[in-house]
>>> print(open('final-v4.pdb').read())   # PDB, C-alpha atoms (C1' of nucleotides)
ATOM      1  CA  MET A   1     167.461 -23.632  34.097  1.00  0.00           C
ATOM      2  CA  SER A   2     168.627 -23.009  30.539  1.00  0.00           C
ATOM      3  CA  ASP A   3     170.818 -26.099  30.341  1.00  0.00           C
ATOM      4  CA  PRO A   4     169.692 -27.665  27.051  1.00  0.00           C
ATOM      5  CA  LEU A   5     172.252 -30.437  27.136  1.00  0.00           C
ATOM      6  CA  GLY A   6     171.238 -31.302  30.678  1.00  0.00           C
ATOM      7  CA  GLN A   7     167.580 -31.414  29.593  1.00  0.00           C
ATOM      8  CA  VAL A   8     168.417 -33.849  26.814  1.00  0.00           C
ATOM      9  CA  PHE A   9     170.585 -36.133  28.950  1.00  0.00           C
ATOM     10  CA  GLY A  10     168.022 -36.006  31.732  1.00  0.00           C
ATOM     11  CA  ALA A  11     165.316 -37.028  29.292  1.00  0.00           C
ATOM     12  CA  LEU A  12     167.449 -39.881  27.958  1.00  0.00           C
ATOM     13  CA  ALA A  13     168.379 -41.099  31.443  1.00  0.00           C
ATOM     14  CA  ASP A  14     164.957 -42.727  31.881  1.00  0.00           C
ATOM     15  CA  GLN A  15     164.466 -46.138  30.308  1.00  0.00           C
ATOM     16  CA  SER A  16     160.740 -45.628  29.757  1.00  0.00           C
ATOM     17  CA  ARG A  17     161.450 -42.473  27.799  1.00  0.00           C
ATOM     18  CA  ARG A  18     164.074 -44.209  25.683  1.00  0.00           C
ATOM     19  CA  GLN A  19     161.454 -46.876  24.947  1.00  0.00           C
ATOM     20  CA  VAL A  20     158.991 -44.173  23.952  1.00  0.00           C
ATOM     21  CA  ILE A  21     161.582 -42.810  21.531  1.00  0.00           C
ATOM     22  CA  GLY A  22     161.979 -46.308  20.095  1.00  0.00           C
ATOM     23  CA  TYR A  23     158.251 -46.781  19.676  1.00  0.00           C
ATOM     24  CA  LEU A  24     157.849 -43.400  18.012  1.00  0.00           C
ATOM     25  CA  SER A  25     160.715 -44.220  15.709  1.00  0.00           C
ATOM     26  CA  GLU A  26     158.994 -47.461  14.627  1.00  0.00           C
ATOM     27  CA  ARG A  27     155.487 -46.100  14.250  1.00  0.00           C
ATOM     28  CA  GLY A  28     156.265 -42.586  13.158  1.00  0.00           C
ATOM     29  CA  THR A  29     153.431 -41.216  15.264  1.00  0.00           C
ATOM     30  CA  ALA A  30     151.371 -42.207  18.300  1.00  0.00           C
ATOM     31  CA  THR A  31     149.067 -40.837  20.992  1.00  0.00           C
ATOM     32  CA  ALA A  32     149.610 -41.023  24.734  1.00  0.00           C
ATOM     33  CA  THR A  33     146.867 -43.631  25.147  1.00  0.00           C
ATOM     34  CA  GLU A  34     148.335 -45.780  22.385  1.00  0.00           C
ATOM     35  CA  LEU A  35     151.738 -45.741  24.054  1.00  0.00           C
ATOM     36  CA  THR A  36     150.118 -46.653  27.362  1.00  0.00           C
ATOM     37  CA  GLY A  37     149.453 -50.101  25.933  1.00  0.00           C
ATOM     38  CA  GLU A  38     153.207 -50.624  25.534  1.00  0.00           C
ATOM     39  CA  LEU A  39     154.324 -49.457  28.955  1.00  0.00           C
ATOM     40  CA  PRO A  40     153.393 -50.677  32.444  1.00  0.00           C
ATOM     41  CA  MET A  41     152.051 -47.375  33.699  1.00  0.00           C
ATOM     42  CA  SER A  42     149.072 -45.043  33.508  1.00  0.00           C
ATOM     43  CA  ARG A  43     148.248 -42.759  30.598  1.00  0.00           C
ATOM     44  CA  GLN A  44     149.061 -39.680  32.670  1.00  0.00           C
ATOM     45  CA  ALA A  45     152.504 -41.042  33.460  1.00  0.00           C
ATOM     46  CA  VAL A  46     153.120 -41.547  29.735  1.00  0.00           C
ATOM     47  CA  ALA A  47     151.848 -38.040  29.061  1.00  0.00           C
ATOM     48  CA  LYS A  48     154.353 -36.679  31.578  1.00  0.00           C
ATOM     49  CA  HIS A  49     157.170 -38.533  29.853  1.00  0.00           C
ATOM     50  CA  LEU A  50     156.057 -37.130  26.523  1.00  0.00           C
ATOM     51  CA  ALA A  51     155.992 -33.648  28.013  1.00  0.00           C
ATOM     52  CA  THR A  52     159.553 -34.130  29.302  1.00  0.00           C
ATOM     53  CA  LEU A  53     160.691 -35.316  25.877  1.00  0.00           C
ATOM     54  CA  ALA A  54     158.953 -32.386  24.240  1.00  0.00           C
ATOM     55  CA  HIS A  55     160.580 -29.959  26.661  1.00  0.00           C
ATOM     56  CA  ALA A  56     163.964 -31.450  25.727  1.00  0.00           C
ATOM     57  CA  GLY A  57     163.151 -30.917  22.055  1.00  0.00           C
ATOM     58  CA  LEU A  58     163.146 -34.602  21.151  1.00  0.00           C
ATOM     59  CA  VAL A  59     159.406 -34.874  20.436  1.00  0.00           C
ATOM     60  CA  GLU A  60     156.701 -32.603  19.118  1.00  0.00           C
ATOM     61  CA  SER A  61     152.916 -32.834  19.301  1.00  0.00           C
ATOM     62  CA  GLU A  62     149.994 -31.852  17.149  1.00  0.00           C
ATOM     63  CA  ARG A  63     146.384 -31.898  18.225  1.00  0.00           C
ATOM     64  CA  GLN A  64     144.001 -33.468  15.718  1.00  0.00           C
ATOM     65  CA  GLY A  65     140.413 -33.289  16.838  1.00  0.00           C
ATOM     66  CA  ARG A  66     140.137 -34.962  20.198  1.00  0.00           C
ATOM     67  CA  GLU A  67     143.471 -36.746  20.099  1.00  0.00           C
ATOM     68  CA  THR A  68     147.039 -35.481  20.301  1.00  0.00           C
ATOM     69  CA  ARG A  69     149.577 -37.191  18.065  1.00  0.00           C
ATOM     70  CA  TYR A  70     153.278 -37.193  18.980  1.00  0.00           C
ATOM     71  CA  ARG A  71     156.261 -37.729  16.700  1.00  0.00           C
ATOM     72  CA  LEU A  72     160.032 -37.422  16.921  1.00  0.00           C
ATOM     73  CA  THR A  73     161.672 -34.162  15.973  1.00  0.00           C
ATOM     74  CA  ARG A  74     164.819 -34.184  13.859  1.00  0.00           C
ATOM     75  CA  ALA A  75     166.873 -34.109  17.081  1.00  0.00           C
ATOM     76  CA  GLY A  76     164.819 -37.017  18.418  1.00  0.00           C
ATOM     77  CA  GLU A  77     165.552 -39.062  15.305  1.00  0.00           C
ATOM     78  CA  GLU A  78     169.253 -38.298  15.619  1.00  0.00           C
ATOM     79  CA  TRP A  79     169.224 -39.491  19.211  1.00  0.00           C
ATOM     80  CA  ASP A  80     167.341 -42.631  18.243  1.00  0.00           C
ATOM     81  CA  ASP A  81     170.187 -43.402  15.845  1.00  0.00           C
ATOM     82  CA  ARG A  82     172.836 -42.580  18.439  1.00  0.00           C
ATOM     83  CA  LEU A  83     171.095 -44.822  20.959  1.00  0.00           C
ATOM     84  CA  ASP A  84     171.201 -47.722  18.519  1.00  0.00           C
ATOM     85  CA  ALA A  85     174.886 -47.097  17.884  1.00  0.00           C
ATOM     86  CA  LEU A  86     175.640 -46.852  21.599  1.00  0.00           C
ATOM     87  CA  LYS A  87     173.764 -50.045  22.314  1.00  0.00           C
ATOM     88  CA  LYS A  88     175.813 -51.937  19.742  1.00  0.00           C
ATOM     89  CA  HIS A  89     178.952 -50.279  21.036  1.00  0.00           C
ATOM     90  CA  LEU A  90     178.204 -51.500  24.562  1.00  0.00           C
ATOM     91  CA  GLU A  91     177.385 -55.027  23.437  1.00  0.00           C
ATOM     92  CA  ARG A  92     180.622 -55.185  21.465  1.00  0.00           C
ATOM     93  CA  ARG A  93     182.588 -53.968  24.474  1.00  0.00           C
ATOM     94  CA  THR A  94     180.900 -56.262  26.979  1.00  0.00           C
ATOM     95  CA  ARG A  95     181.441 -59.333  24.856  1.00  0.00           C
TER      96      ARG A  95
ATOM     97  CA  MET B   1     169.357 -50.976  38.994  1.00  0.00           C
ATOM     98  CA  SER B   2     171.200 -52.608  36.103  1.00  0.00           C
ATOM     99  CA  ASP B   3     170.515 -49.886  33.554  1.00  0.00           C
ATOM    100  CA  PRO B   4     174.028 -48.965  32.415  1.00  0.00           C
ATOM    101  CA  LEU B   5     172.886 -46.542  29.749  1.00  0.00           C
ATOM    102  CA  GLY B   6     170.608 -44.835  32.251  1.00  0.00           C
ATOM    103  CA  GLN B   7     173.496 -44.518  34.697  1.00  0.00           C
ATOM    104  CA  VAL B   8     175.647 -42.850  32.045  1.00  0.00           C
ATOM    105  CA  PHE B   9     172.965 -40.432  30.864  1.00  0.00           C
ATOM    106  CA  GLY B  10     172.025 -39.660  34.443  1.00  0.00           C
ATOM    107  CA  ALA B  11     175.653 -38.874  35.220  1.00  0.00           C
ATOM    108  CA  LEU B  12     175.949 -36.642  32.154  1.00  0.00           C
ATOM    109  CA  ALA B  13     172.701 -34.818  32.926  1.00  0.00           C
ATOM    110  CA  ASP B  14     174.386 -32.725  35.614  1.00  0.00           C
ATOM    111  CA  GLN B  15     176.374 -29.715  34.483  1.00  0.00           C
ATOM    112  CA  SER B  16     178.801 -29.881  37.394  1.00  0.00           C
ATOM    113  CA  ARG B  17     179.640 -33.467  36.496  1.00  0.00           C
ATOM    114  CA  ARG B  18     180.187 -32.544  32.851  1.00  0.00           C
ATOM    115  CA  GLN B  19     182.556 -29.825  34.064  1.00  0.00           C
ATOM    116  CA  VAL B  20     184.397 -32.384  36.195  1.00  0.00           C
ATOM    117  CA  ILE B  21     184.829 -34.516  33.099  1.00  0.00           C
ATOM    118  CA  GLY B  22     186.215 -31.494  31.274  1.00  0.00           C
ATOM    119  CA  TYR B  23     188.671 -30.693  34.054  1.00  0.00           C
ATOM    120  CA  LEU B  24     189.844 -34.297  34.261  1.00  0.00           C
ATOM    121  CA  SER B  25     190.291 -34.325  30.505  1.00  0.00           C
ATOM    122  CA  GLU B  26     192.534 -31.230  30.694  1.00  0.00           C
ATOM    123  CA  ARG B  27     194.600 -32.220  33.706  1.00  0.00           C
ATOM    124  CA  GLY B  28     194.651 -35.957  33.246  1.00  0.00           C
ATOM    125  CA  THR B  29     194.284 -36.524  36.973  1.00  0.00           C
ATOM    126  CA  ALA B  30     193.015 -34.666  40.032  1.00  0.00           C
ATOM    127  CA  THR B  31     191.874 -35.159  43.617  1.00  0.00           C
ATOM    128  CA  ALA B  32     188.499 -34.219  45.065  1.00  0.00           C
ATOM    129  CA  THR B  33     189.969 -31.284  47.002  1.00  0.00           C
ATOM    130  CA  GLU B  34     191.746 -29.969  43.913  1.00  0.00           C
ATOM    131  CA  LEU B  35     188.497 -30.016  41.943  1.00  0.00           C
ATOM    132  CA  THR B  36     186.742 -28.220  44.798  1.00  0.00           C
ATOM    133  CA  GLY B  37     188.729 -25.124  43.866  1.00  0.00           C
ATOM    134  CA  GLU B  38     187.083 -25.117  40.436  1.00  0.00           C
ATOM    135  CA  LEU B  39     183.493 -25.622  41.503  1.00  0.00           C
ATOM    136  CA  PRO B  40     181.253 -23.551  43.795  1.00  0.00           C
ATOM    137  CA  MET B  41     180.541 -26.335  46.262  1.00  0.00           C
ATOM    138  CA  SER B  42     182.019 -28.290  49.131  1.00  0.00           C
ATOM    139  CA  ARG B  43     184.568 -31.078  48.829  1.00  0.00           C
ATOM    140  CA  GLN B  44     182.016 -33.676  49.855  1.00  0.00           C
ATOM    141  CA  ALA B  45     179.670 -32.564  47.100  1.00  0.00           C
ATOM    142  CA  VAL B  46     182.487 -32.979  44.580  1.00  0.00           C
ATOM    143  CA  ALA B  47     183.305 -36.367  46.059  1.00  0.00           C
ATOM    144  CA  LYS B  48     179.675 -37.421  45.545  1.00  0.00           C
ATOM    145  CA  HIS B  49     179.802 -36.326  41.921  1.00  0.00           C
ATOM    146  CA  LEU B  50     183.008 -38.291  41.442  1.00  0.00           C
ATOM    147  CA  ALA B  51     181.373 -41.332  43.007  1.00  0.00           C
ATOM    148  CA  THR B  52     178.429 -40.994  40.618  1.00  0.00           C
ATOM    149  CA  LEU B  53     180.792 -40.714  37.655  1.00  0.00           C
ATOM    150  CA  ALA B  54     182.745 -43.727  38.886  1.00  0.00           C
ATOM    151  CA  HIS B  55     179.549 -45.732  39.302  1.00  0.00           C
ATOM    152  CA  ALA B  56     178.673 -44.890  35.703  1.00  0.00           C
ATOM    153  CA  GLY B  57     182.096 -46.128  34.590  1.00  0.00           C
ATOM    154  CA  LEU B  58     183.294 -42.742  33.345  1.00  0.00           C
ATOM    155  CA  VAL B  59     185.944 -42.199  36.014  1.00  0.00           C
ATOM    156  CA  GLU B  60     188.245 -44.387  38.076  1.00  0.00           C
ATOM    157  CA  SER B  61     190.176 -43.693  41.268  1.00  0.00           C
ATOM    158  CA  GLU B  62     193.421 -44.828  42.797  1.00  0.00           C
ATOM    159  CA  ARG B  63     194.513 -44.137  46.337  1.00  0.00           C
ATOM    160  CA  GLN B  64     198.090 -42.914  46.689  1.00  0.00           C
ATOM    161  CA  GLY B  65     199.091 -42.454  50.310  1.00  0.00           C
ATOM    162  CA  ARG B  66     196.652 -40.050  51.903  1.00  0.00           C
ATOM    163  CA  GLU B  67     195.170 -38.703  48.700  1.00  0.00           C
ATOM    164  CA  THR B  68     192.891 -40.268  46.087  1.00  0.00           C
ATOM    165  CA  ARG B  69     193.554 -39.382  42.485  1.00  0.00           C
ATOM    166  CA  TYR B  70     190.786 -39.599  39.878  1.00  0.00           C
ATOM    167  CA  ARG B  71     191.128 -39.901  36.119  1.00  0.00           C
ATOM    168  CA  LEU B  72     188.846 -40.559  33.157  1.00  0.00           C
ATOM    169  CA  THR B  73     188.338 -44.105  31.992  1.00  0.00           C
ATOM    170  CA  ARG B  74     188.381 -44.895  28.296  1.00  0.00           C
ATOM    171  CA  ALA B  75     184.582 -44.526  28.263  1.00  0.00           C
ATOM    172  CA  GLY B  76     184.931 -41.193  30.038  1.00  0.00           C
ATOM    173  CA  GLU B  77     187.376 -39.950  27.392  1.00  0.00           C
ATOM    174  CA  GLU B  78     185.008 -41.041  24.653  1.00  0.00           C
ATOM    175  CA  TRP B  79     182.183 -39.101  26.274  1.00  0.00           C
ATOM    176  CA  ASP B  80     184.382 -36.050  26.671  1.00  0.00           C
ATOM    177  CA  ASP B  81     184.902 -36.132  22.897  1.00  0.00           C
ATOM    178  CA  ARG B  82     181.206 -36.684  22.217  1.00  0.00           C
ATOM    179  CA  LEU B  83     180.329 -33.765  24.493  1.00  0.00           C
ATOM    180  CA  ASP B  84     182.624 -31.479  22.541  1.00  0.00           C
ATOM    181  CA  ALA B  85     181.082 -32.630  19.277  1.00  0.00           C
ATOM    182  CA  LEU B  86     177.544 -32.188  20.626  1.00  0.00           C
ATOM    183  CA  LYS B  87     178.336 -28.720  21.921  1.00  0.00           C
ATOM    184  CA  LYS B  88     179.559 -27.632  18.493  1.00  0.00           C
ATOM    185  CA  HIS B  89     176.575 -29.323  16.901  1.00  0.00           C
ATOM    186  CA  LEU B  90     174.198 -27.335  19.102  1.00  0.00           C
ATOM    187  CA  GLU B  91     175.952 -24.030  18.496  1.00  0.00           C
ATOM    188  CA  ARG B  92     175.819 -24.619  14.769  1.00  0.00           C
ATOM    189  CA  ARG B  93     172.118 -25.441  15.003  1.00  0.00           C
ATOM    190  CA  THR B  94     171.217 -22.530  17.276  1.00  0.00           C
ATOM    191  CA  ARG B  95     172.954 -19.985  15.094  1.00  0.00           C
TER     192      ARG B  95
ATOM    193  C1'  DG C   1     120.939 -34.005  22.833  1.00  0.00           C
ATOM    194  C1'  DT C   2     123.432 -37.407  25.150  1.00  0.00           C
ATOM    195  C1'  DA C   3     126.797 -40.740  25.996  1.00  0.00           C
ATOM    196  C1'  DA C   4     131.451 -42.094  25.465  1.00  0.00           C
ATOM    197  C1'  DC C   5     136.081 -41.145  24.463  1.00  0.00           C
ATOM    198  C1'  DG C   6     140.593 -38.700  24.717  1.00  0.00           C
ATOM    199  C1'  DT C   7     142.802 -35.272  26.939  1.00  0.00           C
ATOM    200  C1'  DG C   8     144.668 -31.931  30.380  1.00  0.00           C
ATOM    201  C1'  DC C   9     145.063 -30.206  35.060  1.00  0.00           C
ATOM    202  C1'  DA C  10     145.664 -30.498  40.054  1.00  0.00           C
ATOM    203  C1'  DA C  11     146.823 -32.733  44.259  1.00  0.00           C
ATOM    204  C1'  DC C  12     149.037 -36.206  46.616  1.00  0.00           C
ATOM    205  C1'  DT C  13     152.726 -39.904  47.920  1.00  0.00           C
ATOM    206  C1'  DC C  14     157.292 -41.588  47.877  1.00  0.00           C
ATOM    207  C1'  DG C  15     161.907 -42.018  46.619  1.00  0.00           C
ATOM    208  C1'  DT C  16     166.064 -39.972  44.896  1.00  0.00           C
ATOM    209  C1'  DC C  17     169.305 -36.052  44.143  1.00  0.00           C
ATOM    210  C1'  DG C  18     172.313 -32.186  45.020  1.00  0.00           C
ATOM    211  C1'  DG C  19     174.129 -30.064  48.681  1.00  0.00           C
ATOM    212  C1'  DT C  20     175.381 -29.166  53.499  1.00  0.00           C
ATOM    213  C1'  DT C  21     177.587 -30.026  58.223  1.00  0.00           C
ATOM    214  C1'  DG C  22     179.999 -32.712  61.625  1.00  0.00           C
ATOM    215  C1'  DC C  23     182.953 -36.273  62.881  1.00  0.00           C
ATOM    216  C1'  DA C  24     186.246 -40.051  62.825  1.00  0.00           C
ATOM    217  C1'  DC C  25     190.087 -42.184  60.525  1.00  0.00           C
ATOM    218  C1'  DC C  26     194.643 -42.673  58.430  1.00  0.00           C
ATOM    219  C1'  DA C  27     198.926 -40.898  56.463  1.00  0.00           C
ATOM    220  C1'  DT C  28     202.585 -37.710  56.626  1.00  0.00           C
ATOM    221  C1'  DA C  29     205.512 -33.523  58.201  1.00  0.00           C
ATOM    222  C1'  DG C  30     207.966 -31.638  61.983  1.00  0.00           C
TER     223       DG C  30
ATOM    224  C1'  DC D   1     204.729 -38.177  69.505  1.00  0.00           C
ATOM    225  C1'  DT D   2     201.813 -34.578  67.861  1.00  0.00           C
ATOM    226  C1'  DA D   3     199.668 -31.717  64.712  1.00  0.00           C
ATOM    227  C1'  DT D   4     197.890 -31.223  60.210  1.00  0.00           C
ATOM    228  C1'  DG D   5     195.976 -32.390  55.844  1.00  0.00           C
ATOM    229  C1'  DG D   6     193.074 -35.389  52.913  1.00  0.00           C
ATOM    230  C1'  DT D   7     189.434 -38.811  53.055  1.00  0.00           C
ATOM    231  C1'  DG D   8     185.288 -41.261  53.903  1.00  0.00           C
ATOM    232  C1'  DC D   9     180.969 -41.929  56.365  1.00  0.00           C
ATOM    233  C1'  DA D  10     176.478 -40.647  58.268  1.00  0.00           C
ATOM    234  C1'  DA D  11     172.721 -37.636  59.094  1.00  0.00           C
ATOM    235  C1'  DC D  12     170.115 -34.111  57.665  1.00  0.00           C
ATOM    236  C1'  DC D  13     167.487 -30.732  54.414  1.00  0.00           C
ATOM    237  C1'  DG D  14     164.947 -28.778  50.387  1.00  0.00           C
ATOM    238  C1'  DA D  15     163.737 -29.708  45.781  1.00  0.00           C
ATOM    239  C1'  DC D  16     162.570 -32.399  42.100  1.00  0.00           C
ATOM    240  C1'  DG D  17     161.054 -36.688  39.582  1.00  0.00           C
ATOM    241  C1'  DA D  18     158.105 -40.640  38.704  1.00  0.00           C
ATOM    242  C1'  DG D  19     153.930 -42.343  39.474  1.00  0.00           C
ATOM    243  C1'  DT D  20     149.140 -42.411  41.104  1.00  0.00           C
ATOM    244  C1'  DT D  21     144.065 -40.877  41.452  1.00  0.00           C
ATOM    245  C1'  DG D  22     140.204 -37.876  40.629  1.00  0.00           C
ATOM    246  C1'  DC D  23     137.898 -34.634  37.972  1.00  0.00           C
ATOM    247  C1'  DA D  24     136.576 -31.285  34.442  1.00  0.00           C
ATOM    248  C1'  DC D  25     136.661 -30.051  29.616  1.00  0.00           C
ATOM    249  C1'  DG D  26     136.253 -30.452  24.579  1.00  0.00           C
ATOM    250  C1'  DT D  27     135.334 -33.721  20.583  1.00  0.00           C
ATOM    251  C1'  DT D  28     133.050 -37.253  18.189  1.00  0.00           C
ATOM    252  C1'  DA D  29     129.400 -41.035  17.521  1.00  0.00           C
ATOM    253  C1'  DC D  30     124.664 -42.250  17.555  1.00  0.00           C
TER     254       DC D  30
END
>>> encode(input="final-v4.pdb", output="structure tokens")
Amino acid sequence: MSDPLGQVFGALADQSRRQVIGYLSERGTATATELTGELPMSRQAVAKHLATLAHAGLVESERQGRETRYRLTRAGEEWDDRLDALKKHLERRTR
Amino acid sequence: MSDPLGQVFGALADQSRRQVIGYLSERGTATATELTGELPMSRQAVAKHLATLAHAGLVESERQGRETRYRLTRAGEEWDDRLDALKKHLERRTR
DNA sequence: GTAACGTGCAACTCGTCGGTTGCACCATAG
DNA sequence: CTATGGTGCAACCGACGAGTTGCACGTTAC
């Protein structure tokens, strides 16, 4: 629909996807099947989340042989930082 | 669902709701019927958006006689600022 | 070559979302 | 008192999102 900001916020609205961003930030890179071990859902569900994140420009993929490795884009890294800051901001405010 | 961050991002994912935030930021306060004049939808649709924003903690309401006036909370004002900054950030990056 | 692995695609279910209409309720203007 | 204006509530609809399963395809290991 050509609403980039809406795409990004929509992608960030899902907790599983925010977790994926966190995992990718820690590991640098991961495949869909690797991430499946961290989340309580099927590989295809994880792949869909990765596709959503990619469509929002937060993640990019590169196929290496028979596996596809995902990593955060620059925008994804920025949002990972902002999420950390927001989390601390909320904790400070709730306390 | 007890996912405050998800509530906020979900609320911000909709363009109409971001516009509502902008209008409230300009005017300080408004009713659902007033905002209906600015958006191409019915009053009840606007009221639903306001309820979503209120549930996310970005907006608060106060009933005065037969009308209900809405205004941004502190969190809502903060997000209005962040949205402006993000918009400029995107324009700079797209150019 | 063959078996196993990782992936992508398609179809399906189910719940939620954005939006509508219709109606009932309460406050105020006259 | 009556009419009108502003709300809120409930039911409904079409579309989309999250998740599942099943299967077919390409890549690697042996």
>>> resolve_selection(input="final-v4.pdb", expression="the PyMOL selection byres ((chain B) within 9 of (chain D))", output="compact mmCIF listing (two decimals) with C-alpha atoms, keeping the file's coordinate frame")
# COMPACT_ATOMS: atom_id res chain seq x y z
CA THR B 33 189.97 -31.28 47.00
CA ARG B 66 196.65 -40.05 51.90
CA GLU B 67 195.17 -38.70 48.70
CA THR B 68 192.89 -40.27 46.09
>>> interface_residues(input="final-v4.pdb", of="chain C", to="chain A", cutoff="12 Å", atoms="all atoms listed in the file", output="ChimeraX atom specification")
/C:5-9
>>> resolve_selection(input="final-v4.pdb", expression="the PyMOL selection byres ((chain C and resi 16-20) around 7)", output="list in words")
Ala45 of chain B; DG15 and DT21 of chain C
>>> atom_distance(input="final-v4.pdb", atom1="CA of Gly28 in chain B", atom2="CA of Arg63 in chain B")
15.4 Å
>>> interface_residues(input="final-v4.pdb", of="chain B", to="chain A", cutoff="7 Å", atoms="all atoms listed in the file", output="list in words")
Gly6, Gln7, Phe9, Gly10, Leu12, Ala13, Asp14 and Gln15 of chain B
>>> resolve_selection(input="final-v4.pdb", expression="the PyMOL selection byres ((chain A and resi 69-75) around 10)", output="ChimeraX atom specification")
/A:8,20-25,27-34,50,53-54,56-64,66-68,76-81
>>> atom_distance(input="final-v4.pdb", atom1="CA of Ser2 in chain A", atom2="CA of His55 in chain A")
11.3 Å
>>> atom_distance(input="final-v4.pdb", atom1="CA of Lys48 in chain B", atom2="CA of Ser16 in chain B")
11.1 Å
>>> axis_aligned_box(input="final-v4.pdb", around="range 37-50 of chain A", padding_each_side="3 Å", output="AutoDock Vina command-line options")
--center_x 152.7 --center_y -43.7 --center_z 29.6 --size_x 14.9 --size_y 20.0 --size_z 14.2
